[in-house]
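Chemist: This is the structure I want to talk about, given as structure tokens.
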Amino acid sequence: MNIYIARHGETEWNKHNQVCGRTDIYLTQNGKHQAKILAEKLATESIYLIISSPLKRATQTSNIISEICNAPVVIDNRLIEQDYGIYEGADRQNPDFLSNKRNFAYRYPNGESMMQVAARVYPLLEELKEEYEDKNILLLCHGGVCRVLKTYFQDMTNEEFFKYALPNAEFEKFIL
């Protein structure tokens, strides 16, 4: 079974380097274009099912991919982006945000920790392993969730985890 992990296309907040967790915003025109290019890349991969975060930027990207890849979209709330609490909308280079980002077991004030994200997305992978044994599944989600999902498949040092970022409308392929 192949699992494809993809990040949604560009949003205004991505463009302006703002932290965007649960704020539900749409793709930019460029983000829609990126999603189409991503779909064209995935078109040869025989995607059986797209499982998407419920946030608009992810569902828009998923729907564009669905049209080109002819794969149904299912929404799964476990793929929603990490709750960044008080840092929602802050500059991504904010020193306090970056300090908190290095502490994986630390909850962002009024938000959630990376470990809490792992606690909700790892069981999804286990379920997929049992339910779709020989299928290609695309998980369409967000930067923070992509980072955590990657740790399921690949060991990373703390520094590698901190620095890892899947660009908008890009994907990685893993064997489950």
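By order in the structure tokens, chains are A, B, ...; within a chain, residues start at 1; ligands start at 1, following the order shown.
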Just the residues within 10 Å of A:Gln82, please, counting only C-alpha atoms, with nothing from its chain fewer than 6 positions along; format it as an MDAnalysis selection string.
Modeler: chainID A and resid 20:22 108 111:114 116:118 142:145 148
Chemist: Just all heavy atoms for this one: save the residues we selected as a compact mmCIF listing (two decimals), in the first residue's frame.
Modeler:
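Output file result.txt follows:
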```
# COMPACT_ATOMS: atom_id res chain seq x y z
N CYS A 20 -0.78 29.61 10.35
CA CYS A 20 -2.18 29.32 10.04
C CYS A 20 -2.50 27.90 10.48
O CYS A 20 -2.08 26.94 9.85
CB CYS A 20 -2.47 29.49 8.54
SG CYS A 20 -4.22 29.37 8.17
N GLY A 21 -3.22 27.80 11.55
CA GLY A 21 -3.65 26.51 12.05
C GLY A 21 -5.10 26.24 11.68
O GLY A 21 -5.41 25.80 10.59
N ARG A 22 -6.00 26.59 12.57
CA ARG A 22 -7.42 26.28 12.40
C ARG A 22 -8.21 27.38 11.69
O ARG A 22 -9.39 27.19 11.43
CB ARG A 22 -8.05 26.00 13.76
CG ARG A 22 -7.38 24.86 14.54
CD ARG A 22 -7.80 23.52 14.02
NE ARG A 22 -7.12 22.43 14.66
CZ ARG A 22 -7.56 21.77 15.72
NH1 ARG A 22 -8.67 22.13 16.30
NH2 ARG A 22 -6.87 20.76 16.20
N TYR A 108 0.95 24.57 22.59
CA TYR A 108 0.92 26.00 22.34
C TYR A 108 -0.12 26.58 23.27
O TYR A 108 -1.19 25.96 23.46
CB TYR A 108 0.54 26.30 20.89
CG TYR A 108 1.63 25.97 19.90
CD1 TYR A 108 1.64 24.77 19.22
CD2 TYR A 108 2.66 26.88 19.67
CE1 TYR A 108 2.65 24.46 18.31
CE2 TYR A 108 3.68 26.58 18.76
CZ TYR A 108 3.66 25.38 18.09
OH TYR A 108 4.66 25.08 17.20
N GLY A 111 -3.68 26.00 22.68
CA GLY A 111 -3.63 25.15 21.48
C GLY A 111 -3.30 23.71 21.83
O GLY A 111 -3.70 23.22 22.89
N GLU A 112 -2.58 23.05 20.94
CA GLU A 112 -2.22 21.65 21.17
C GLU A 112 -0.74 21.42 20.87
O GLU A 112 -0.09 22.21 20.19
CB GLU A 112 -3.12 20.70 20.38
CG GLU A 112 -2.96 20.75 18.89
CD GLU A 112 -3.92 19.83 18.14
OE1 GLU A 112 -4.34 18.79 18.65
OE2 GLU A 112 -4.23 20.17 16.99
N SER A 113 -0.23 20.31 21.37
CA SER A 113 1.17 19.93 21.17
C SER A 113 1.31 19.04 19.93
O SER A 113 0.32 18.50 19.43
CB SER A 113 1.70 19.17 22.39
OG SER A 113 1.10 17.89 22.45
N MET A 114 2.54 18.89 19.48
CA MET A 114 2.82 17.97 18.36
C MET A 114 2.45 16.54 18.76
O MET A 114 1.98 15.78 17.93
CB MET A 114 4.30 18.00 17.99
CG MET A 114 4.84 19.34 17.62
SD MET A 114 4.48 19.75 15.93
CE MET A 114 5.32 21.32 15.84
N GLN A 116 0.05 15.63 20.68
CA GLN A 116 -1.41 15.49 20.56
C GLN A 116 -1.81 15.28 19.10
O GLN A 116 -2.73 14.52 18.81
CB GLN A 116 -2.12 16.71 21.15
CG GLN A 116 -2.05 16.74 22.66
CD GLN A 116 -2.63 18.03 23.22
OE1 GLN A 116 -2.18 19.12 22.88
NE2 GLN A 116 -3.61 17.89 24.09
N VAL A 117 -1.12 15.96 18.19
CA VAL A 117 -1.39 15.75 16.77
C VAL A 117 -1.07 14.30 16.40
O VAL A 117 -1.86 13.63 15.73
CB VAL A 117 -0.59 16.74 15.89
CG1 VAL A 117 -0.78 16.44 14.41
CG2 VAL A 117 -0.99 18.18 16.20
N ALA A 118 0.09 13.81 16.84
CA ALA A 118 0.46 12.41 16.55
C ALA A 118 -0.57 11.44 17.11
O ALA A 118 -0.91 10.44 16.47
CB ALA A 118 1.85 12.11 17.12
N HIS A 142 -2.00 19.58 6.05
CA HIS A 142 -1.36 20.86 6.34
C HIS A 142 0.09 20.64 6.77
O HIS A 142 0.48 19.54 7.13
CB HIS A 142 -2.14 21.56 7.46
CG HIS A 142 -3.60 21.62 7.18
ND1 HIS A 142 -4.17 22.60 6.41
CD2 HIS A 142 -4.62 20.79 7.53
CE1 HIS A 142 -5.47 22.39 6.31
NE2 HIS A 142 -5.77 21.29 6.98
N GLY A 143 0.84 21.73 6.80
CA GLY A 143 2.26 21.65 7.12
C GLY A 143 2.58 20.93 8.42
O GLY A 143 3.42 20.04 8.45
N GLY A 144 1.92 21.32 9.51
CA GLY A 144 2.19 20.69 10.80
C GLY A 144 1.81 19.22 10.82
O GLY A 144 2.54 18.38 11.35
N VAL A 145 0.69 18.88 10.21
CA VAL A 145 0.25 17.49 10.17
C VAL A 145 1.17 16.67 9.26
O VAL A 145 1.52 15.53 9.60
CB VAL A 145 -1.23 17.40 9.72
CG1 VAL A 145 -1.67 15.95 9.56
CG2 VAL A 145 -2.13 18.12 10.71
N VAL A 148 4.23 15.70 11.23
CA VAL A 148 3.98 14.61 12.19
C VAL A 148 3.79 13.29 11.45
O VAL A 148 4.32 12.25 11.86
CB VAL A 148 2.77 14.94 13.09
CG1 VAL A 148 2.37 13.74 13.92
CG2 VAL A 148 3.10 16.13 13.99
```
Chemist: Any idea what's packed within 10 Å of stretch 48-65 of chain A, counting only C-alpha atoms, ignoring anything in its chain fewer than 4 positions away? Could you give it as a PyMOL selection string?
Modeler: chain A and resi 4-11+21-28+31-43+69-81+132+134-142+145+169
Chemist: Using only C-alpha atoms, which of the listed residues (A:Leu166, A:Leu176, A:Met1, A:Ile68) sits closest to A:Phe153?
Modeler: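 The shortest atom-to-atom distance to A:Phe153 comes from A:Leu176.
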Chemist: Give the alpha helix (DSSP H) residues of stretch 26-162 of chain A, as DSSP finds them on the backbone, and put them as a PyMOL selection string.
Modeler: chain A and resi 29-42+56-69+95-101+114-131+143-153+158-162
Chemist: Identify which of the residues A:Thr151, A:Thr44, A:Ser66, A:Asn17 lies closest to A:Glu88, counting only C-alpha atoms when measuring atom-to-atom distances.
Modeler: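 Using only C-alpha atoms, the shortest distance to A:Glu88 belongs to A:Asn17.
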Chemist: Which of these residues is nearest to A:Lys15, using only C-alpha atoms: A:Ser99, A:Gln29, A:Asn110, A:Asn94?
Modeler: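 Using only C-alpha atoms, A:Lys15 sits closest to A:Gln29.
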Chemist: Using DSSP on the backbone coordinates, identify all residues within stretch 13-113 of chain A classified as strand (DSSP E or B); present the result as a ChimeraX atom specification.
Modeler: /A:18,27,49-52,73-75,91
Chemist: Using only C-alpha atoms, which of A:Leu124, A:Val19, A:Phe162, A:Glu131 sits nearest A:Ile86?
Modeler: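 The answer is A:Val19, which sits nearest to A:Ile86.
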Chemist: Which residues, written as a VMD selection string, have at least one atom at most 10 Å from A:Arg102, with only C-alpha atoms counted and residues fewer than 5 positions away on the same chain left out?
Modeler: chain A and resid 97 114 158 to 159 161 to 163
Chemist: Take atom CA of A:Asn14 and atom CA of A:Gln154 and report the distance between them in Å, one decimal.
Modeler: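 Atom-to-atom, atom CA of A:Asn14 and atom CA of A:Gln154 are spaced 25.9 Å apart.
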Chemist: Between atom CA of A:Asp83 and atom CA of A:Pro95, what is the spacing in Å?
Modeler: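 The value is 17.9 Å.
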Chemist: Take atom CA of A:Ala105 and atom CA of A:Tyr84 and report the distance between them in Å, one decimal.
Modeler: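 Separation between atom CA of A:Ala105 and atom CA of A:Tyr84: 13.2 Å.
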